[in-house]
Each structure stands twice: as structure tokens, then as C-alpha cells.
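*Asks:* Here you go, this is entry_36.txt (compact mmCIF, C-alpha atoms).
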```txt
# COMPACT_ATOMS: atom_id res chain seq x y z
CA MET K 808 -8.14 -6.12 20.19
CA PRO K 809 -7.21 -6.46 23.84
CA LYS K 810 -5.74 -3.52 25.70
CA THR K 811 -2.42 -5.33 25.83
CA LEU K 812 -1.67 -6.46 22.31
CA PHE K 813 1.32 -8.63 23.13
CA GLN K 814 2.31 -10.98 25.90
CA GLY K 815 5.92 -11.57 26.83
CA GLU K 816 9.21 -9.71 26.67
CA THR K 817 10.23 -10.80 23.18
CA ALA K 818 6.94 -9.80 21.55
CA ASN K 819 7.03 -6.41 23.23
CA ARG K 820 10.64 -5.81 22.21
CA LEU K 821 9.66 -6.23 18.57
CA ALA K 822 6.57 -4.10 19.17
CA LYS K 823 8.83 -1.31 20.40
CA ILE K 824 10.72 -1.43 17.10
CA TRP K 825 7.38 -1.32 15.30
CA THR K 826 6.38 1.71 17.38
CA ASN K 827 9.57 3.58 16.53
CA ARG K 828 8.49 3.71 12.89
CA TYR K 829 5.96 6.38 13.77
CA ILE K 830 8.23 8.80 15.66
CA PRO K 831 8.18 12.11 13.73
CA ASP K 832 11.23 12.79 11.59
CA LEU K 833 12.16 16.44 12.06
CA SER K 834 15.63 16.27 10.57
CA GLN K 835 14.71 18.53 7.67
CA PHE K 836 13.37 21.22 10.02
CA LEU K 837 15.96 21.33 12.79
CA THR K 838 19.23 23.01 11.83
CA ILE K 839 21.96 24.61 13.88
CA ASN K 840 21.16 28.06 12.54
CA ASN K 841 17.42 28.14 13.20
CA ALA K 842 16.86 25.47 15.83
CA LEU K 843 15.17 27.94 18.20
CA THR K 844 12.71 29.14 15.57
CA ASP K 845 11.85 25.60 14.57
CA ARG K 846 11.32 24.56 18.19
CA ARG K 847 8.89 27.41 18.62
CA MET K 848 7.02 26.40 15.48
CA ILE K 849 6.89 22.81 16.69
CA GLY K 850 5.64 23.93 20.08
CA GLU K 851 2.87 25.96 18.45
CA ILE K 852 1.73 23.07 16.26
CA LEU K 853 1.76 20.59 19.14
CA SER K 854 -0.10 22.92 21.49
CA LYS K 855 -3.81 22.40 22.10
CA LYS K 856 -4.70 25.35 19.86
CA GLY K 857 -2.24 24.22 17.22
CA ARG K 858 -3.77 20.77 17.09
CA GLU K 859 -7.23 22.28 16.84
CA ARG K 860 -6.12 24.42 13.89
CA THR K 861 -4.70 21.37 12.14
CA VAL K 862 -7.88 19.37 12.66
CA GLN K 863 -10.03 22.26 11.43
CA LYS K 864 -8.25 22.05 8.07
CA LEU K 865 -9.41 18.44 7.82
CA SER K 866 -13.10 18.95 8.43
CA ARG K 867 -15.44 15.99 8.25
CA LYS K 868 -16.79 17.27 4.94
CA ASN K 869 -13.26 17.59 3.59
CA ILE K 870 -12.32 14.08 4.75
CA THR K 871 -15.45 12.59 3.17
CA GLU K 872 -14.75 14.34 -0.13
CA GLN K 873 -11.10 13.26 -0.22
CA CYS K 874 -11.95 9.65 0.64
CA ASN K 875 -14.51 9.58 -2.17
CA LEU K 876 -11.96 11.06 -4.57
CA ALA K 877 -9.41 8.44 -3.47
CA ALA K 878 -11.97 5.71 -4.23
CA VAL K 879 -12.38 7.04 -7.76
CA ARG K 880 -8.62 7.16 -8.30
CA ALA K 881 -8.15 3.68 -6.84
CA ARG K 882 -10.73 2.30 -9.28
CA GLN K 883 -8.80 3.95 -12.11
CA LEU K 884 -5.69 2.00 -11.09
CA TYR K 885 -7.70 -1.20 -11.51
CA ALA K 886 -9.26 -0.06 -14.77
CA ASN K 887 -9.16 -3.56 -16.29
CA ASP K 888 -11.57 -4.94 -13.69
CA THR K 889 -15.31 -4.88 -14.11
CA ALA K 890 -17.37 -2.29 -12.30
CA ALA K 891 -18.97 -5.03 -10.23
CA THR K 892 -15.60 -6.08 -8.82
CA PHE K 893 -15.29 -2.93 -6.73
CA ARG K 894 -18.90 -1.89 -6.37
CA PRO K 895 -18.58 -1.79 -2.54
CA THR K 896 -15.84 0.87 -2.67
CA SER K 897 -18.30 3.54 -1.58
CA HIS K 898 -18.71 1.61 1.67
CA LEU K 899 -14.92 1.47 2.07
CA ALA K 900 -14.71 5.24 1.54
CA LYS K 901 -17.32 5.77 4.28
CA LEU K 902 -15.49 3.39 6.61
CA LEU K 903 -12.16 5.11 6.01
CA SER K 904 -13.79 8.48 6.66
CA ARG K 905 -14.93 7.22 10.07
CA ILE K 906 -11.42 5.97 10.83
CA TYR K 907 -9.92 9.34 9.93
CA PHE K 908 -12.52 11.07 12.14
CA GLN K 909 -11.37 8.86 15.02
CA LEU K 910 -7.67 9.40 14.29
CA LEU K 911 -8.11 13.16 14.28
CA ASP K 912 -10.11 13.03 17.51
CA ILE K 913 -7.21 11.13 19.09
CA TYR K 914 -4.70 13.60 17.65
CA GLN K 915 -6.62 16.58 18.98
CA GLU K 916 -7.14 15.10 22.43
CA THR K 917 -3.53 13.99 22.98
CA THR K 918 -1.08 16.32 24.73
CA SER K 919 2.59 16.46 23.88
CA ILE K 920 5.10 16.47 26.72
CA SER K 921 8.10 17.11 24.47
CA MET K 922 7.56 20.86 24.46
CA SER K 923 6.24 21.21 27.99
CA SER K 924 9.64 22.33 29.31
CA ASP K 925 11.33 25.59 28.43
CA ILE K 926 10.89 25.98 24.68
CA GLN K 927 14.33 27.53 24.42
CA SER K 928 16.00 24.47 25.90
CA LYS K 929 18.66 22.87 23.73
CA SER K 930 18.00 19.43 25.15
CA PRO K 931 17.34 16.60 22.68
CA LEU K 932 13.83 16.36 21.32
CA GLY K 933 11.57 13.45 22.23
CA THR K 934 12.47 9.94 21.19
CA SER K 935 9.21 8.21 22.10
CA LEU K 936 5.68 8.48 20.73
CA PRO K 937 4.14 9.95 23.92
CA SER K 938 6.77 12.69 23.98
CA TRP K 939 5.34 13.90 20.68
CA GLY K 940 1.74 13.50 21.72
CA ILE K 941 1.32 10.30 19.73
CA PRO K 942 -0.24 7.38 21.61
CA GLU K 943 1.65 4.13 21.97
CA ILE K 944 0.71 1.35 19.55
CA ASN K 945 -1.34 -0.43 22.23
CA THR K 946 -3.37 2.70 22.95
CA LEU K 947 -3.89 3.62 19.31
CA ALA K 948 -4.81 0.09 18.24
CA THR K 949 -7.22 -0.30 21.15
CA ALA K 950 -8.94 3.01 20.43
CA LEU K 951 -9.35 2.08 16.76
CA SER K 952 -10.13 -1.57 17.44
CA PRO K 953 -13.83 -1.60 16.38
CA LEU K 954 -13.14 0.28 13.16
CA LEU K 955 -10.00 -1.70 12.31
CA SER K 956 -11.93 -4.92 12.88
CA GLU K 957 -14.60 -3.66 10.50
CA LEU K 958 -11.91 -2.84 7.94
CA GLN K 959 -10.40 -6.31 8.27
CA GLU K 960 -13.84 -7.86 7.93
CA TRP K 961 -14.42 -5.80 4.77
CA ASN K 962 -11.25 -7.28 3.26
CA ARG K 963 -12.16 -10.82 4.30
CA SER K 964 -15.75 -10.62 3.10
CA PHE K 965 -14.77 -10.78 -0.57
CA ASP K 966 -12.45 -13.79 -0.20
CA ASN K 967 -10.14 -12.17 -2.72
CA TRP K 968 -6.60 -10.92 -2.11
CA LYS K 969 -7.25 -8.21 -4.68
CA THR K 970 -9.36 -6.38 -2.12
CA VAL K 971 -6.30 -6.11 0.15
CA GLY K 972 -4.35 -4.41 -2.62
CA PHE K 973 -7.29 -2.23 -3.51
CA SER K 974 -7.99 -1.12 0.06
CA THR K 975 -4.27 -0.42 0.60
CA ALA K 976 -4.24 1.71 -2.55
CA GLN K 977 -7.35 3.57 -1.46
CA ILE K 978 -5.88 4.25 1.99
CA ASN K 979 -2.60 5.40 0.47
CA LEU K 980 -4.41 7.76 -1.89
CA SER K 981 -6.62 9.06 0.92
CA ASN K 982 -3.56 9.68 3.09
CA SER K 983 -1.87 11.65 0.32
CA LEU K 984 -4.93 13.77 -0.45
CA LEU K 985 -5.48 14.62 3.21
CA LEU K 986 -1.84 15.41 3.97
CA GLU K 987 -1.77 17.78 1.00
CA GLN K 988 -4.16 20.03 2.93
CA LEU K 989 -1.55 20.63 5.66
CA THR K 990 1.75 22.45 6.04
CA ASP K 991 4.95 20.43 5.85
CA LEU K 992 5.41 20.54 9.62
CA GLU K 993 1.81 19.54 10.31
CA GLN K 994 2.25 16.61 7.95
CA VAL K 995 5.20 15.35 10.00
CA PHE K 996 3.04 14.92 13.09
CA LEU K 997 0.00 13.40 11.39
CA ARG K 998 1.85 11.15 8.96
CA GLY K 999 2.55 8.58 11.68
CA TYR K 1000 -1.18 8.18 12.37
CA PHE K 1001 -1.94 7.72 8.68
CA GLN K 1002 1.03 5.40 8.15
CA PHE K 1003 -0.20 3.24 11.02
CA LEU K 1004 -3.57 2.88 9.28
CA GLU K 1005 -2.02 1.93 5.94
CA GLU K 1006 0.28 -0.62 7.52
CA GLN K 1007 -2.58 -2.26 9.40
CA VAL K 1008 -3.73 -3.56 6.02
CA ALA K 1009 -0.44 -3.98 4.17
CA LEU K 1010 2.09 -5.28 6.72
CA PRO K 1011 1.58 -8.18 9.16
CA TRP K 1012 3.44 -6.39 11.96
CA GLN K 1013 1.07 -7.50 14.68
CA ARG K 1014 1.21 -11.16 13.68
CA MET K 1015 5.00 -11.05 13.54
CA CYS K 1016 5.27 -9.53 17.02
CA SER K 1017 2.85 -12.11 18.39
CA ALA K 1018 4.91 -14.92 16.84
CA ALA K 1019 7.96 -13.74 18.78
CA ALA K 1020 6.21 -14.50 22.07
CA ASP K 1021 7.21 -18.17 21.73
CA TYR K 1022 10.92 -17.29 21.90
CA THR K 1023 13.22 -16.52 24.80
CA PRO K 1024 15.19 -13.25 24.78
CA SER K 1025 18.40 -15.23 24.23
CA SER K 1026 17.10 -17.15 21.20
CA SER K 1027 19.41 -16.80 18.19
CA LEU K 1028 16.52 -16.41 15.77
CA PHE K 1029 14.80 -13.80 17.91
CA LEU K 1030 18.02 -11.81 18.27
CA THR K 1031 18.53 -11.97 14.51
CA VAL K 1032 15.04 -10.61 13.83
CA GLU K 1033 15.46 -7.95 16.50
CA ARG K 1034 18.76 -6.81 14.98
CA LEU K 1035 17.53 -6.67 11.38
CA LEU K 1036 14.06 -5.28 12.00
CA PRO K 1037 15.16 -1.66 12.59
CA MET K 1038 16.85 -1.81 9.17
CA THR K 1039 13.57 -2.63 7.39
CA THR K 1040 13.03 0.76 5.78
CA ASN K 1041 16.70 1.30 4.94
CA ILE K 1042 16.91 -2.11 3.26
CA ALA K 1043 13.72 -1.38 1.31
CA GLU K 1044 15.02 2.00 0.15
CA VAL K 1045 18.40 0.61 -0.91
CA VAL K 1046 16.74 -2.18 -2.88
CA HIS K 1047 14.21 0.16 -4.47
CA LYS K 1048 17.04 2.37 -5.71
CA ARG K 1049 18.80 -0.56 -7.37
CA TRP K 1050 15.54 -2.00 -8.67
CA SER K 1051 14.46 1.29 -10.29
CA ARG K 1052 17.77 1.43 -12.14
CA SER K 1053 17.03 -2.00 -13.60
CA PHE K 1054 13.71 -0.81 -15.05
CA PRO K 1055 14.27 2.84 -16.06
CA ASN K 1056 11.60 2.75 -18.76
CA TYR K 1057 8.78 1.34 -16.66
CA ALA K 1058 5.80 3.64 -16.14
CA SER K 1059 2.37 2.96 -14.68
CA ARG K 1060 -0.72 5.12 -14.38
CA ARG K 1061 0.85 6.72 -11.29
CA GLY K 1062 4.28 7.38 -12.79
CA THR K 1063 7.77 5.89 -13.03
CA LEU K 1064 9.51 3.86 -10.34
CA THR K 1065 11.25 7.00 -9.08
CA SER K 1066 8.10 9.13 -8.79
CA ALA K 1067 7.04 9.88 -5.22
CA ALA K 1068 3.83 7.83 -5.29
CA ILE K 1069 5.39 4.73 -6.85
CA ARG K 1070 8.46 4.99 -4.66
CA HIS K 1071 6.28 5.05 -1.54
CA SER K 1072 4.26 2.01 -2.61
CA SER K 1073 7.35 0.10 -3.74
CA VAL K 1074 9.27 0.75 -0.52
CA ARG K 1075 6.20 -0.28 1.48
CA ASP K 1076 5.96 -3.52 -0.52
CA PHE K 1077 9.66 -4.28 0.00
CA GLU K 1078 8.98 -3.76 3.71
CA MET K 1079 5.98 -6.07 3.47
CA PHE K 1080 8.16 -8.83 1.99
CA GLN K 1081 10.59 -8.49 4.89
CA ILE K 1082 7.86 -8.69 7.54
CA TYR K 1083 6.42 -11.78 5.86
CA LEU K 1084 9.91 -13.27 5.87
CA TRP K 1085 10.33 -12.69 9.62
CA LEU K 1086 6.81 -13.95 10.31
CA SER K 1087 7.60 -17.15 8.42
CA CYS K 1088 10.93 -17.56 10.21
CA LEU K 1089 9.43 -17.07 13.65
CA GLU K 1090 6.53 -19.43 13.00
CA LYS K 1091 8.74 -21.83 11.04
CA ASN K 1092 6.01 -21.91 8.45
CA LEU K 1093 6.47 -21.36 4.71
CA THR K 1094 2.72 -21.11 4.13
CA HIS K 1095 2.81 -17.36 4.73
CA ILE K 1096 5.22 -17.02 1.80
CA GLU K 1097 4.07 -19.77 -0.54
CA GLN K 1098 0.34 -19.13 -0.27
CA GLU K 1099 -0.52 -15.82 1.37
CA LEU K 1100 2.22 -13.51 0.04
CA SER K 1101 2.27 -15.30 -3.30
CA ALA K 1102 -1.48 -14.80 -3.74
CA ILE K 1103 -1.26 -11.12 -2.84
CA CYS K 1104 1.52 -10.53 -5.35
CA VAL K 1105 0.08 -12.55 -8.22
CA ILE K 1106 -3.43 -11.12 -7.92
CA VAL K 1107 -2.63 -7.52 -7.00
CA TYR K 1108 0.39 -6.99 -9.23
CA GLY K 1109 -1.41 -8.77 -12.04
CA ALA K 1110 -4.40 -6.46 -11.71
CA LEU K 1111 -2.03 -3.48 -11.88
CA ASN K 1112 -0.30 -4.91 -14.99
CA ILE K 1113 3.09 -4.99 -13.29
CA PRO K 1114 5.37 -7.35 -15.27
CA TRP K 1115 6.14 -10.37 -13.11
CA THR K 1116 9.81 -10.24 -14.09
CA MET K 1117 9.99 -7.02 -12.07
CA THR K 1118 8.67 -8.85 -9.01
CA VAL K 1119 11.20 -11.65 -9.51
CA ASP K 1120 14.10 -9.22 -9.84
CA GLY K 1121 12.93 -7.08 -6.92
CA THR K 1122 12.51 -10.09 -4.64
CA THR K 1123 15.94 -11.46 -5.56
CA LEU K 1124 17.60 -8.09 -4.94
CA LEU K 1125 15.80 -7.79 -1.61
CA MET K 1126 16.72 -11.24 -0.33
CA HIS K 1127 20.36 -10.84 -1.37
CA GLU K 1128 20.59 -7.46 0.35
CA LEU K 1129 19.07 -8.86 3.51
CA LEU K 1130 21.27 -11.97 3.54
CA ASN K 1131 24.35 -9.82 3.02
CA ARG K 1132 23.54 -7.99 6.25
CA LEU K 1133 23.43 -11.19 8.28
CA GLU K 1134 26.28 -12.63 10.29
CA PRO K 1135 27.46 -16.11 9.21
CA HIS K 1136 25.67 -17.84 12.10
CA GLU K 1137 22.45 -15.97 11.25
CA ARG K 1138 22.35 -16.95 7.58
CA GLY K 1139 21.62 -20.58 8.36
CA LEU K 1140 18.51 -19.52 10.27
CA VAL K 1141 17.14 -17.20 7.60
CA SER K 1142 18.44 -18.52 4.29
CA PRO K 1143 15.86 -21.33 3.85
CA TYR K 1144 13.02 -18.82 4.08
CA ALA K 1145 14.76 -16.25 1.88
CA GLN K 1146 15.35 -18.93 -0.75
CA ALA K 1147 11.70 -19.97 -0.47
CA MET K 1148 10.66 -16.41 -1.22
CA ILE K 1149 12.86 -16.32 -4.32
CA ARG K 1150 11.47 -19.70 -5.42
CA MET K 1151 7.94 -18.42 -4.89
CA THR K 1152 8.37 -15.57 -7.36
CA ASN K 1153 10.24 -17.73 -9.88
CA LYS K 1154 7.58 -20.44 -9.70
CA ALA K 1155 4.81 -17.92 -10.32
CA LEU K 1156 6.71 -16.66 -13.36
CA PHE K 1157 6.39 -20.03 -15.08
CA ASP K 1158 2.98 -21.12 -13.78
```
Would you put the structure from the file into C-alpha cells?
*Replies:*
Amino acid sequence: MPKTLFQGETANRLAKIWTNRYIPDLSQFLTINNALTDRRMIGEILSKKGRERTVQKLSRKNITEQCNLAAVRARQLYANDTAATFRPTSHLAKLLSRIYFQLLDIYQETTSISMSSDIQSKSPLGTSLPSWGIPEINTLATALSPLLSELQEWNRSFDNWKTVGFSTAQINLSNSLLLEQLTDLEQVFLRGYFQFLEEQVALPWQRMCSAAADYTPSSSLFLTVERLLPMTTNIAEVVHKRWSRSFPNYASRRGTLTSAAIRHSSVRDFEMFQIYLWLSCLEKNLTHIEQELSAICVIVYGALNIPWTMTVDGTTLLMHELLNRLEPHERGLVSPYAQAMIRMTNKALFD
């Protein structure tokens, strides 16, 4: 990847929204009554020694063991597949271990400026990644470029969309196992790094931002995407809540739709659908929906034994929620692609 991932104002405006996903959420820790105590705790964790202590908990041996365990658990999710299908998973576990080593090196080397002023200050906490000692997307992606390219090549080498689902599952499981080793507050500051890794495989954020480069800042479609994009997670969470009520009896190997693990994966997938929608809109190309997203869903969800009717209902709920948030003049721009996504899932149901 080049040092500058995106060219042009419009692409970088969407990239900024992408970046904001990784700003630490401290709402559960900062209260009126103990704000000073929490600020001190935050300052300690973000200090050089605090970062070193966090990284020591995730030793290279520990990371290797957890990545191997995640590989075993990921294979269990795909229990209906032959052993040969995922024989290379040991290589993926080794590759992920190397990525985590690099992420932790970056975490340990980065200095936060948010707490550099008087720790007793009541000024607002940082609202940018650098203020929390988290590199900007450009910096992080560039530093990880060789390893991310190797990960992408691993997915492409099998010419099978199932590997995308499998590698996403393995990353998600690895993230969870590693974060469990940390305190709640430490998790807040490392989760963004791990989330970035998972989304590099699951969500076409980078392609969507690049597609925006062809638009002017005053373009109606660009402004629509820019307005709706910050709502991505909220829309996904609202839809997941409704969707889980529609299938209260569903349970997979990882739990029900309301269990933490399934909720995370489901919300991420509802986000993935939205990013594919915006990518298709910006490129004016239904291929991303009709071929790429369709293949991912059919192959991955099929391998996980997820009833396709659940995908149809979830997609319909998602598109209706999204369309309801559009202004009348925006619906005409987005509706054809939203309807194509609904048709895609319905078509697969009867194929």
C-alpha cells in the first residue's frame, strides 16, 4: 500500500469517517463522580510503562498459543467441511501471530498526547486517533502493508469465498482470546487495532473510499454516502435487534443471536452489507452485490448452516431501515442498489 492510501478530498472525507470507528469508547468508564480517578487510570495505561505492561501480558508465546487455539475453534465452526479444506489453517495462525506482533510493537511505540497535559484537567478527552496514541489509518495500513498483503494473498490463493469467512472467523476468535487476557480499560485501547485487522478482511472500506475519489464534494450521491456512513454501526445494531426477535429459537455452535459472539459477527455482517451497498452505488456497479457479496453469503453462511431465510429477512430489514433514513431526493440514488441487494438474497433462496 502507498503511504497515502487515498487521493482527493472526497475519498479522504470518507476515510476520516472510517478512522473514527477506531476511537476508543470510554463512556462506560468516565462518570461525573469518578472522572478524576478514571483519567488517572487512563493516563497510567497510556503511558510508556503502561503500554509496556499491557504488551507483556500478550507475550509472543501467548499470542502464538491463542492464535492456534482460535484456528482449532474456527475449524469446529466449519465442522461439515473435510479436513483437507482448511489444512493450511496452521499457516494462517502463524501469519496472524506475526500481524499481532507488529500491532503490539506499534501500540508500544506510539505515544499518546491526550494525557500529556495536566491529568486533572476537565477538558474534553481526545477525539482523534493520534490523541489516544493510535496511528491514523494511513500510518497503520502502511506499517502493516506487507503482512496485510500476505493475508490478502492467502485468501485469494484458494479461489474460494469460504476462506474469507473462515479467516474472518479465525481473526475474530483470535481477537477475543487475546483481549480476554487484558483488563477492561486495556481492552478499550487495543480493541481498535484488532478491529482494524478484522475489518481489513470483512469490510471493503478501502475500496469504498477509493471509489469516492471520482466524485466532487458537492455531488448528491457523495453527500448521501457521507451522511449515512457514520450511522453504519447504529443501523446494524438496530437491525440486529429486530432480526434477533424474528428468530428467537435460532442457536448455532457459538450461541443464540443475542449472545455476545453472535451479536458481534451479525452486526459486523450488517455493516459489511452497507459498505458493499455504498461501494456499488459509488461505482455504479451491481457486480459487487450480485456476484461478490452473493458468493460470500451463499458459501460462508451455507458452510455455517445458517438458514437462508434468515439472510433474506435480515437483508430486507437492513435495506428498509437504511432507506427510511434517507431524504426523498436521496432515495432515488440508493433505492436501485438496495432493491438489487434484496433481489440477490431472494434469488439465492430459490436457486
*Asks:* List the spatial neighbours of range 1089-1092 of chain K as a ChimeraX atom specification - criterion: any atom at most 8 Å away, all atoms listed in the file, same-chain residues fewer than 2 positions off excluded.
*Replies:* /K:1015,1018-1019,1028-1029,1085-1087,1094-1095
*Asks:* What lies within 9 Å of Glu1044 in chain K using all atoms listed in the file, ignoring chain neighbours under 4 positions off, as a PyMOL selection string?
*Replies:* chain K and resi 1039-1040+1048-1049+1070+1073-1074+1077
*Asks:* Counting only C-alpha atoms, write as number ranges by chain all protein and nucleic acid residues lying at most 12 Å from (4.0, 0.1, -1.0) in the file's frame.
*Replies:* K: 972-973, 975-980, 1002, 1005-1006, 1008-1010, 1040, 1043-1044, 1047, 1064, 1067-1080, 1104, 1107-1108
*Asks:* Between CA of Asn1153 in chain K and CA of Val1119 in chain K, what is the distance in Å, rounded to a tenth?
*Replies:*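 So the answer is 6.2 Å.
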*Asks:* Taking all atoms listed in the file into account, name the residue in K:Leu910, K:Ala900, K:Ala1102, K:Val1046 that is nearest to Leu1124 in chain K.
*Replies:*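 Distance minimum relative to Leu1124 in chain K lands on K:Val1046.
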*Asks:* Could you give me, as a PyMOL selection string, the residues within 8 Å of Val995 in chain K, counting all atoms listed in the file and dropping anything in the same chain fewer than 2 positions from it?
*Replies:* chain K and resi 831-833+991-993+997-999
*Asks:* Please write the residues from the selection above to a file, keeping C-alpha atoms, as a PDB file, in the coordinates of the input.
*Replies:*
```pdb
ATOM      1  CA  PRO K 831       8.180  12.110  13.730  1.00  0.00           C
ATOM      2  CA  ASP K 832      11.230  12.790  11.590  1.00  0.00           C
ATOM      3  CA  LEU K 833      12.160  16.440  12.060  1.00  0.00           C
ATOM      4  CA  ASP K 991       4.950  20.430   5.850  1.00  0.00           C
ATOM      5  CA  LEU K 992       5.410  20.540   9.620  1.00  0.00           C
ATOM      6  CA  GLU K 993       1.810  19.540  10.310  1.00  0.00           C
ATOM      7  CA  LEU K 997       0.000  13.400  11.390  1.00  0.00           C
ATOM      8  CA  ARG K 998       1.850  11.150   8.960  1.00  0.00           C
ATOM      9  CA  GLY K 999       2.550   8.580  11.680  1.00  0.00           C
TER      10      GLY K 999
END
```
*Asks:* Measuring between only C-alpha atoms, which one of K:Ile913, K:Phe1001, K:Ile1096, K:Ile906 shows the shortest distance to Ile941 in chain K?
*Replies:*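 Of the candidates, the smallest distance to Ile941 in chain K is held by K:Ile913.
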*Asks:* Within 12 Å of Ala1020 in chain K, counting only C-alpha atoms, which residues qualify if same-chain residues fewer than 6 places away don't, as JSON, numbers by chain?
*Replies:* {"K": [812, 813, 814, 815, 816, 817, 818, 819, 820, 821, 822, 1013, 1014, 1026, 1029, 1086, 1089, 1090]}
*Asks:* Using only C-alpha atoms, please write the residues we just selected to a file, as a JSON list (two decimals), keeping the file's coordinate frame.
*Replies:*
```json
[["chain", "number", "residue", "atom", "x", "y", "z"],
["K", 812, "LEU", "CA", -1.67, -6.46, 22.31],
["K", 813, "PHE", "CA", 1.32, -8.63, 23.13],
["K", 814, "GLN", "CA", 2.31, -10.98, 25.90],
["K", 815, "GLY", "CA", 5.92, -11.57, 26.83],
["K", 816, "GLU", "CA", 9.21, -9.71, 26.67],
["K", 817, "THR", "CA", 10.23, -10.80, 23.18],
["K", 818, "ALA", "CA", 6.94, -9.80, 21.55],
["K", 819, "ASN", "CA", 7.03, -6.41, 23.23],
["K", 820, "ARG", "CA", 10.64, -5.81, 22.21],
["K", 821, "LEU", "CA", 9.66, -6.23, 18.57],
["K", 822, "ALA", "CA", 6.57, -4.10, 19.17],
["K", 1013, "GLN", "CA", 1.07, -7.50, 14.68],
["K", 1014, "ARG", "CA", 1.21, -11.16, 13.68],
["K", 1026, "SER", "CA", 17.10, -17.15, 21.20],
["K", 1029, "PHE", "CA", 14.80, -13.80, 17.91],
["K", 1086, "LEU", "CA", 6.81, -13.95, 10.31],
["K", 1089, "LEU", "CA", 9.43, -17.07, 13.65],
["K", 1090, "GLU", "CA", 6.53, -19.43, 13.00]]
```
*Asks:* Rounded to one decimal in Å, what is the spacing between CA of Leu936 in chain K and CA of Leu954 in chain K?
*Replies:*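 Computed distance, CA of Leu936 in chain K to CA of Leu954 in chain K, equals 21.9 Å.
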*Asks:* K:Leu903, K:Leu865, K:Ile1082, K:Ala881: which is nearest Leu1111 in chain K, counting all atoms listed in the file?
*Replies:* K:Ala881
*Asks:* Distance CA of Trp825 in chain K-CA of Pro1135 in chain K, one decimal place?
*Replies:* 25.7 Å
*Asks:* Report the centre and edge lengths, in Å to one decimal, of an axis-aligned box enclosing every atom of range 995-1014 of chain K listed in the file, padded by 8 Å on each side, as AutoDock Vina command-line options.
*Replies:*
```
--center_x 0.7 --center_y 2.1 --center_z 9.4 --size_x 24.9 --size_y 42.5 --size_z 26.5
```
*Asks:* Kindly indicate which residue among K:Ser1101, K:Gln1081, K:Gln988, K:Thr1063 lies nearest to Ser866 in chain K, using all atoms listed in the file for the distances.
*Replies:*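 Of K:Ser1101, K:Gln1081, K:Gln988, K:Thr1063, the one nearest Ser866 in chain K is K:Gln988, counting all atoms listed in the file.
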*Asks:* Quick one: of K:Ala950, K:Val879, K:Gln994, K:Leu955, who's nearest to Thr861 in chain K, counting only C-alpha atoms?
*Replies:* K:Gln994
*Asks:* Select, from K:Met848, K:Ala1145, K:Leu1084, K:Leu1133, the residue with the minimum atom-to-atom distance to Thr990 in chain K, counting only C-alpha atoms.
*Replies:* K:Met848
